>>> print(open('my_file03.cif').read())   # mmCIF, C-alpha atoms
data_structure
loop_
_atom_site.group_PDB
_atom_site.id
_atom_site.type_symbol
_atom_site.label_atom_id
_atom_site.label_comp_id
_atom_site.auth_asym_id
_atom_site.auth_seq_id
_atom_site.Cartn_x
_atom_site.Cartn_y
_atom_site.Cartn_z
ATOM 1 C CA MET A 1 -17.986 -11.875 14.750
ATOM 2 C CA SER A 2 -17.639 -12.723 11.045
ATOM 3 C CA LYS A 3 -18.557 -11.196 7.693
ATOM 4 C CA ARG A 4 -22.152 -12.457 8.048
ATOM 5 C CA ASP A 5 -22.624 -10.491 11.252
ATOM 6 C CA ILE A 6 -21.952 -7.170 9.520
ATOM 7 C CA PRO A 7 -25.233 -5.298 8.937
ATOM 8 C CA ASP A 8 -26.535 -5.435 5.327
ATOM 9 C CA GLN A 9 -26.494 -1.680 4.944
ATOM 10 C CA LEU A 10 -22.820 -1.507 5.868
ATOM 11 C CA GLN A 11 -22.067 -4.479 3.615
ATOM 12 C CA ASN A 12 -23.641 -2.655 0.678
ATOM 13 C CA ARG A 13 -21.460 0.364 1.326
ATOM 14 C CA LEU A 14 -18.320 -1.750 1.679
ATOM 15 C CA ASP A 15 -19.130 -3.522 -1.592
ATOM 16 C CA GLU A 16 -18.821 -0.190 -3.384
ATOM 17 C CA PHE A 17 -15.063 -0.347 -2.875
ATOM 18 C CA GLN A 18 -14.150 -2.463 -5.885
ATOM 19 C CA VAL A 19 -10.520 -2.690 -6.945
ATOM 20 C CA GLU A 20 -9.467 -3.254 -10.523
ATOM 21 C CA VAL A 21 -6.273 -5.232 -10.701
ATOM 22 C CA PRO A 22 -3.832 -4.256 -13.466
ATOM 23 C CA GLU A 23 -1.463 -6.640 -15.184
ATOM 24 C CA ILE A 24 1.289 -7.359 -12.699
ATOM 25 C CA PRO A 25 4.490 -8.858 -14.083
ATOM 26 C CA MET A 26 5.977 -11.490 -11.799
ATOM 27 C CA LYS A 27 9.389 -9.866 -11.774
ATOM 28 C CA SER A 28 10.357 -6.241 -12.089
ATOM 29 C CA SER A 29 13.773 -4.719 -12.481
ATOM 30 C CA LYS A 30 15.214 -2.189 -10.041
ATOM 31 C CA LEU A 31 15.667 0.181 -12.950
ATOM 32 C CA GLU A 32 11.959 -0.012 -13.714
ATOM 33 C CA ARG A 33 11.114 0.759 -10.085
ATOM 34 C CA LEU A 34 13.486 3.701 -10.073
ATOM 35 C CA ALA A 35 11.872 4.995 -13.266
ATOM 36 C CA ASN A 36 8.390 4.624 -11.765
ATOM 37 C CA TRP A 37 9.519 6.479 -8.644
ATOM 38 C CA ILE A 38 11.039 9.304 -10.667
ATOM 39 C CA TYR A 39 7.980 9.640 -12.907
ATOM 40 C CA SER A 40 5.449 9.423 -10.078
ATOM 41 C CA PRO A 41 3.566 12.701 -9.581
ATOM 42 C CA ALA A 42 4.988 15.029 -6.945
ATOM 43 C CA ARG A 43 4.050 18.343 -5.462
ATOM 44 C CA ASP A 44 5.187 21.445 -7.315
ATOM 45 C CA PRO A 45 8.228 22.773 -5.379
ATOM 46 C CA LEU A 46 7.417 26.331 -6.568
ATOM 47 C CA GLU A 47 4.067 26.118 -4.812
ATOM 48 C CA ILE A 48 5.591 27.771 -1.739
ATOM 49 C CA PHE A 49 6.279 30.886 -3.842
ATOM 50 C CA ARG A 50 2.640 30.800 -5.070
ATOM 51 C CA ILE A 51 3.758 30.993 -8.697
ATOM 52 C CA SER A 52 1.129 29.784 -11.126
ATOM 53 C CA GLY A 53 0.804 29.999 -14.911
ATOM 54 C CA ASN A 54 -0.644 33.522 -14.932
ATOM 55 C CA SER A 55 1.558 35.134 -12.261
ATOM 56 C CA ILE A 56 4.155 36.581 -14.618
ATOM 57 C CA THR A 57 4.862 39.549 -12.324
ATOM 58 C CA ARG A 58 5.809 37.269 -9.448
ATOM 59 C CA LEU A 59 7.935 35.182 -11.753
ATOM 60 C CA ALA A 60 9.749 38.318 -12.909
ATOM 61 C CA PHE A 61 10.162 39.807 -9.441
ATOM 62 C CA TYR A 62 11.503 36.814 -7.523
ATOM 63 C CA PRO A 63 14.889 36.799 -9.305
ATOM 64 C CA LEU A 64 15.085 40.561 -8.806
ATOM 65 C CA ILE A 65 14.422 40.202 -5.086
ATOM 66 C CA PHE A 66 17.005 37.412 -4.937
ATOM 67 C CA VAL A 67 19.648 39.586 -6.674
ATOM 68 C CA LEU A 68 18.909 42.551 -4.411
ATOM 69 C CA ALA A 69 19.144 40.355 -1.328
ATOM 70 C CA LEU A 70 22.458 38.969 -2.577
ATOM 71 C CA PHE A 71 23.712 42.486 -3.288
ATOM 72 C CA PHE A 72 22.764 43.979 0.094
ATOM 73 C CA ALA A 73 23.567 40.968 2.273
ATOM 74 C CA PRO A 74 27.309 41.875 2.640
ATOM 75 C CA ILE A 75 26.262 45.181 4.304
ATOM 76 C CA PHE A 76 25.099 43.216 7.353
ATOM 77 C CA PHE A 77 28.522 41.619 7.702
ATOM 78 C CA ILE A 78 30.519 44.888 7.680
ATOM 79 C CA MET B 1 26.587 -38.751 -13.554
ATOM 80 C CA SER B 2 27.214 -35.030 -13.671
ATOM 81 C CA SER B 3 24.612 -34.573 -16.398
ATOM 82 C CA ASN B 4 22.113 -36.545 -14.276
ATOM 83 C CA LYS B 5 22.731 -34.200 -11.334
ATOM 84 C CA THR B 6 22.300 -31.163 -13.545
ATOM 85 C CA ALA B 7 19.075 -32.548 -14.970
ATOM 86 C CA ALA B 8 17.736 -33.312 -11.481
ATOM 87 C CA SER B 9 18.646 -29.842 -10.270
ATOM 88 C CA ALA B 10 17.021 -28.215 -13.301
ATOM 89 C CA GLU B 11 13.925 -30.343 -12.797
ATOM 90 C CA SER B 12 13.733 -29.308 -9.145
ATOM 91 C CA GLU B 13 14.139 -25.646 -10.110
ATOM 92 C CA ASN B 14 11.414 -25.975 -12.730
ATOM 93 C CA ARG B 15 9.092 -27.571 -10.194
ATOM 94 C CA ASP B 16 9.707 -24.728 -7.717
ATOM 95 C CA GLU B 17 9.211 -22.150 -10.423
ATOM 96 C CA TYR B 18 5.987 -23.797 -11.496
ATOM 97 C CA THR B 19 4.723 -23.795 -7.920
ATOM 98 C CA ILE B 20 5.568 -20.139 -7.452
ATOM 99 C CA GLU B 21 3.895 -19.272 -10.740
ATOM 100 C CA GLU B 22 0.808 -21.183 -9.730
ATOM 101 C CA LEU B 23 0.692 -19.420 -6.392
ATOM 102 C CA TYR B 24 1.293 -16.115 -8.089
ATOM 103 C CA VAL B 25 -1.654 -16.582 -10.434
ATOM 104 C CA THR B 26 -3.899 -17.704 -7.572
ATOM 105 C CA TYR B 27 -3.061 -15.063 -4.967
ATOM 106 C CA LYS B 28 -1.715 -11.971 -6.726
ATOM 107 C CA THR B 29 -5.203 -10.480 -7.151
ATOM 108 C CA GLN B 30 -6.186 -10.965 -3.511
ATOM 109 C CA ILE B 31 -2.895 -9.576 -2.235
ATOM 110 C CA TYR B 32 -3.090 -6.591 -4.582
ATOM 111 C CA GLN B 33 -6.655 -5.835 -3.485
ATOM 112 C CA PHE B 34 -5.753 -6.082 0.188
ATOM 113 C CA ILE B 35 -2.771 -3.760 -0.147
ATOM 114 C CA PHE B 36 -4.630 -1.320 -2.377
ATOM 115 C CA ARG B 37 -7.590 -1.052 -0.008
ATOM 116 C CA TYR B 38 -5.158 -0.495 2.850
ATOM 117 C CA CYS B 39 -2.861 2.152 1.368
ATOM 118 C CA GLN B 40 -4.586 3.210 -1.886
ATOM 119 C CA ASP B 41 -1.359 3.617 -3.803
ATOM 120 C CA GLU B 42 -1.175 1.687 -7.051
ATOM 121 C CA GLN B 43 2.580 1.800 -7.570
ATOM 122 C CA LEU B 44 3.290 0.675 -4.035
ATOM 123 C CA CYS B 45 0.841 -2.208 -4.472
ATOM 124 C CA LEU B 46 2.531 -3.410 -7.651
ATOM 125 C CA ASP B 47 5.933 -3.393 -5.961
ATOM 126 C CA LEU B 48 4.648 -5.114 -2.856
ATOM 127 C CA VAL B 49 2.876 -7.911 -4.724
ATOM 128 C CA GLN B 50 6.120 -8.721 -6.503
ATOM 129 C CA ASP B 51 8.160 -8.441 -3.305
ATOM 130 C CA THR B 52 5.769 -10.755 -1.475
ATOM 131 C CA PHE B 53 6.399 -13.586 -3.898
ATOM 132 C CA VAL B 54 10.129 -12.910 -4.025
ATOM 133 C CA LYS B 55 10.246 -13.135 -0.231
ATOM 134 C CA PHE B 56 8.070 -16.234 -0.226
ATOM 135 C CA HIS B 57 10.405 -17.886 -2.704
ATOM 136 C CA LYS B 58 13.358 -16.981 -0.490
ATOM 137 C CA TYR B 59 11.817 -18.243 2.754
ATOM 138 C CA GLN B 60 9.689 -21.029 1.315
ATOM 139 C CA ALA B 61 11.545 -23.551 3.473
ATOM 140 C CA ASN B 62 10.238 -21.850 6.637
ATOM 141 C CA PHE B 63 6.630 -22.409 5.624
ATOM 142 C CA ASP B 64 4.951 -25.084 7.715
ATOM 143 C CA GLU B 65 1.561 -26.091 6.352
ATOM 144 C CA ARG B 66 0.580 -27.608 9.710
ATOM 145 C CA LYS B 67 0.810 -24.175 11.335
ATOM 146 C CA SER B 68 -0.934 -22.033 8.739
ATOM 147 C CA SER B 69 -2.362 -22.074 5.259
ATOM 148 C CA ILE B 70 -0.437 -20.781 2.287
ATOM 149 C CA LYS B 71 -2.913 -17.904 1.954
ATOM 150 C CA THR B 72 -2.315 -16.795 5.539
ATOM 151 C CA TYR B 73 1.439 -17.086 5.090
ATOM 152 C CA LEU B 74 1.405 -14.959 1.938
ATOM 153 C CA PHE B 75 -0.860 -12.355 3.513
ATOM 154 C CA ARG B 76 1.447 -12.147 6.512
ATOM 155 C CA ILE B 77 4.466 -11.560 4.279
ATOM 156 C CA ALA B 78 2.550 -8.920 2.297
ATOM 157 C CA TYR B 79 1.307 -7.190 5.455
ATOM 158 C CA GLN B 80 4.770 -7.070 7.033
ATOM 159 C CA LEU B 81 6.339 -5.742 3.841
ATOM 160 C CA MET B 82 3.610 -3.112 3.526
ATOM 161 C CA ILE B 83 3.948 -1.927 7.120
ATOM 162 C CA ASN B 84 7.729 -1.657 6.783
ATOM 163 C CA ARG B 85 7.410 0.219 3.490
ATOM 164 C CA LEU B 86 4.823 2.617 4.881
ATOM 165 C CA LYS B 87 6.991 3.328 7.938
ATOM 166 C CA LYS B 88 9.950 4.024 5.694
ATOM 167 C CA ARG B 89 7.812 6.261 3.507
ATOM 168 C CA ASN B 90 6.516 8.211 6.507
ATOM 169 C CA ARG B 91 10.090 8.830 7.605
ATOM 170 C CA MET B 92 10.962 10.037 4.099
ATOM 171 C CA ARG B 93 7.831 12.175 4.013
ATOM 172 C CA LYS B 94 9.049 14.015 7.091
ATOM 173 C CA ILE B 95 12.415 14.700 5.475
ATOM 174 C CA LEU B 96 11.187 15.459 1.925
ATOM 175 C CA PRO B 97 7.496 16.410 2.218
ATOM 176 C CA PHE B 98 7.214 17.806 -1.326
ATOM 177 C CA LEU B 99 7.780 14.349 -2.864
ATOM 178 C CA TYR B 100 4.729 12.660 -1.419
ATOM 179 C CA VAL B 101 1.833 15.059 -0.877
ATOM 180 C CA SER B 102 0.617 14.939 -4.459
ATOM 181 C CA ASN B 103 0.312 11.123 -4.498
ATOM 182 C CA GLN B 104 -1.947 11.165 -1.495
ATOM 183 C CA ARG B 105 -4.241 13.777 -3.004
ATOM 184 C CA GLN B 106 -4.484 11.974 -6.304
ATOM 185 C CA SER B 107 -5.380 8.678 -4.727
ATOM 186 C CA LEU B 108 -8.440 10.187 -3.072
ATOM 187 C CA SER B 109 -9.850 11.859 -6.149
ATOM 188 C CA TYR B 110 -12.237 9.144 -7.382
ATOM 189 C CA GLU B 111 -15.543 10.858 -6.787
ATOM 190 C CA ASP B 112 -17.763 7.796 -7.054
ATOM 191 C CA LYS B 113 -15.783 5.809 -4.506
ATOM 192 C CA ILE B 114 -14.571 8.573 -2.252
ATOM 193 C CA THR B 115 -16.993 7.963 0.584
ATOM 194 C CA VAL B 116 -16.179 4.369 1.363
ATOM 195 C CA GLN B 117 -12.494 4.809 0.482
ATOM 196 C CA THR B 118 -12.165 7.812 2.719
ATOM 197 C CA ALA B 119 -14.038 6.091 5.523
ATOM 198 C CA ILE B 120 -11.645 3.139 5.360
ATOM 199 C CA GLN B 121 -8.647 5.463 5.212
ATOM 200 C CA GLN B 122 -9.884 7.276 8.292
ATOM 201 C CA LEU B 123 -9.829 4.112 10.361
ATOM 202 C CA PRO B 124 -6.743 3.629 12.530
ATOM 203 C CA ASP B 125 -4.184 1.359 10.807
ATOM 204 C CA GLU B 126 -4.707 -1.617 13.095
ATOM 205 C CA GLN B 127 -8.512 -1.497 12.747
ATOM 206 C CA ARG B 128 -8.308 -1.066 8.969
ATOM 207 C CA ALA B 129 -6.328 -4.272 8.490
ATOM 208 C CA VAL B 130 -8.834 -6.255 10.566
ATOM 209 C CA ILE B 131 -11.926 -5.059 8.712
ATOM 210 C CA LEU B 132 -10.300 -5.554 5.288
ATOM 211 C CA LEU B 133 -9.199 -9.096 6.027
ATOM 212 C CA THR B 134 -12.555 -10.001 7.570
ATOM 213 C CA TYR B 135 -14.863 -8.491 5.006
ATOM 214 C CA TYR B 136 -13.024 -8.585 1.683
ATOM 215 C CA HIS B 137 -10.916 -11.699 2.149
ATOM 216 C CA ASP B 138 -13.120 -13.918 4.306
ATOM 217 C CA LEU B 139 -10.315 -14.807 6.695
ATOM 218 C CA THR B 140 -11.254 -16.296 10.034
ATOM 219 C CA GLN B 141 -10.266 -14.527 13.234
ATOM 220 C CA LYS B 142 -7.618 -17.196 13.822
ATOM 221 C CA ASP B 143 -6.116 -16.545 10.371
ATOM 222 C CA ILE B 144 -6.201 -12.792 10.930
ATOM 223 C CA SER B 145 -4.439 -13.195 14.248
ATOM 224 C CA GLU B 146 -1.701 -15.110 12.419
ATOM 225 C CA VAL B 147 -1.422 -12.498 9.672
ATOM 226 C CA LEU B 148 -1.263 -9.548 12.052
ATOM 227 C CA GLU B 149 0.491 -11.491 14.830
ATOM 228 C CA ILE B 150 -1.907 -10.357 17.539
ATOM 229 C CA PRO B 151 -4.245 -12.322 19.867
ATOM 230 C CA ILE B 152 -7.774 -13.287 18.780
ATOM 231 C CA GLY B 153 -9.256 -11.178 21.592
ATOM 232 C CA THR B 154 -7.599 -8.091 20.129
ATOM 233 C CA ILE B 155 -8.979 -8.977 16.682
ATOM 234 C CA LYS B 156 -12.501 -9.141 18.105
ATOM 235 C CA SER B 157 -12.247 -5.801 19.861
ATOM 236 C CA ARG B 158 -10.660 -4.107 16.838
ATOM 237 C CA LEU B 159 -13.315 -5.504 14.524
ATOM 238 C CA HIS B 160 -16.066 -4.291 16.809
ATOM 239 C CA ALA B 161 -14.488 -0.835 17.089
ATOM 240 C CA SER B 162 -13.866 -0.568 13.336
ATOM 241 C CA LEU B 163 -17.452 -1.510 12.467
ATOM 242 C CA LYS B 164 -18.766 1.017 14.931
ATOM 243 C CA LYS B 165 -16.551 3.747 13.491
ATOM 244 C CA LEU B 166 -17.334 2.820 9.878
ATOM 245 C CA LYS B 167 -21.034 2.947 10.602
ATOM 246 C CA VAL B 168 -20.700 6.434 12.057
ATOM 247 C CA LEU B 169 -18.512 7.645 9.179
ATOM 248 C CA LEU B 170 -20.665 6.215 6.378
ATOM 249 C CA GLU B 171 -24.040 7.003 7.850
ATOM 250 C CA GLY B 172 -22.874 10.496 8.725
ATOM 251 C CA ASN B 173 -22.276 11.172 5.020
ATOM 252 C CA GLU B 174 -25.712 10.123 3.834
#
>>> encode(input="my_file03.cif", output="structure tokens")
Amino acid sequence: MSKRDIPDQLQNRLDEFQVEVPEIPMKSSKLERLANWIYSPARDPLEIFRISGNSITRLAFYPLIFVLALFFAPIFFI
Amino acid sequence: MSSNKTAASAESENRDEYTIEELYVTYKTQIYQFIFRYCQDEQLCLDLVQDTFVKFHKYQANFDERKSSIKTYLFRIAYQLMINRLKKRNRMRKILPFLYVSNQRQSLSYEDKITVQTAIQQLPDEQRAVILLTYYHDLTQKDISEVLEIPIGTIKSRLHASLKKLKVLLEGNE
């Protein structure tokens, strides 16, 4: 089986996947790669606390909860 | 005498460099497109295209044009590098999941292309490589078997299975 044996309808759909190729320098420095890795988008680590721009109350209460937990934790070790 | 040797060495280096540059201009687009369609990560593609030619330059002596074409050889290097990098990334993703999730989401956000991109992404890895090399790069089954280092019979069965699955995925969305 070759490309010609693929049904036309499927070929039309596959043709939709066009890729634009950016300028690719022949050599790249390790520093540049490190910079690209650091600046690549990543998931928000605060997402697990469900803090968003308008959740000021949560933002204010989390440190309070943390301080209280720190304060009362020694009780469990007595 | 010494200056003659230096000149000859420089000439040889220039010739090699010229060859690599020529190959780079000829094949960088095809290799980029193959890797991008496979993993859909632009930064990874850029790195891998460069690494492919660096590796080729390093192991150029091992290339035997009687065994395979230069295109097949370069695709094999690119494929091996990509598979190794993706394995490494999957291991890292398990350790530090928050670093990678966002990239994956972003890469699938092109609304006009999402159907065919998603369909290709949903194919198992081994089937995806076969369909990409067959359809987008016009490689023969013999060439594909050299790139992926698997028998021709396996290529045929994977191609058949991938076409069947793609048909279901794409027609199911219409």
>>> residues_around(input="my_file03.cif", residues="segment 70-77 of chain B", least_positions_apart="2", cutoff="6 Å", atoms="only C-alpha atoms", output="ChimeraX atom specification")
/B:52,79-80,147
>>> write_last_selection(input="my_file03.cif", atoms="C-alpha atoms", output="PDB file, keeping the file's coordinate frame")
ATOM      1  CA  THR B  52       5.769 -10.755  -1.475  1.00  0.00           C
ATOM      2  CA  TYR B  79       1.307  -7.190   5.455  1.00  0.00           C
ATOM      3  CA  GLN B  80       4.770  -7.070   7.033  1.00  0.00           C
ATOM      4  CA  VAL B 147      -1.422 -12.498   9.672  1.00  0.00           C
TER       5      VAL B 147
END
>>> closest_residue(input="my_file03.cif", among="A:Leu70, A:Ala35, A:Leu59, A:Arg43", to="chain B", atoms="all atoms listed in the file")
A:Arg43
>>> atom_distance(input="my_file03.cif", atom1="atom CA of Leu163 of chain B", atom2="atom CA of Tyr32 of chain B")
22.9 Å
>>> interface_residues(input="my_file03.cif", of="chain A", to="chain B", cutoff="6 Å", atoms="all atoms listed in the file", output="PyMOL selection string")
chain A and resi 3+26+42-43
>>> atom_distance(input="my_file03.cif", atom1="atom CA of Tyr27 of chain B", atom2="atom CA of Ile152 of chain B")
24.3 Å
>>> atom_distance(input="my_file03.cif", atom1="atom CA of Ala78 of chain B", atom2="atom CA of Pro7 of chain A")
28.8 Å
>>> residues_around(input="my_file03.cif", residues="Met82 of chain B", least_positions_apart="4", cutoff="8 Å", atoms="all atoms listed in the file", output="list in words")
Ile35, Leu48, Ala78 and Leu86 of chain B
>>> closest_residue(input="my_file03.cif", among="B:Ile31, B:Thr118, B:Leu96, B:Ile83", to="Leu148 of chain B", atoms="all atoms listed in the file")
B:Ile83
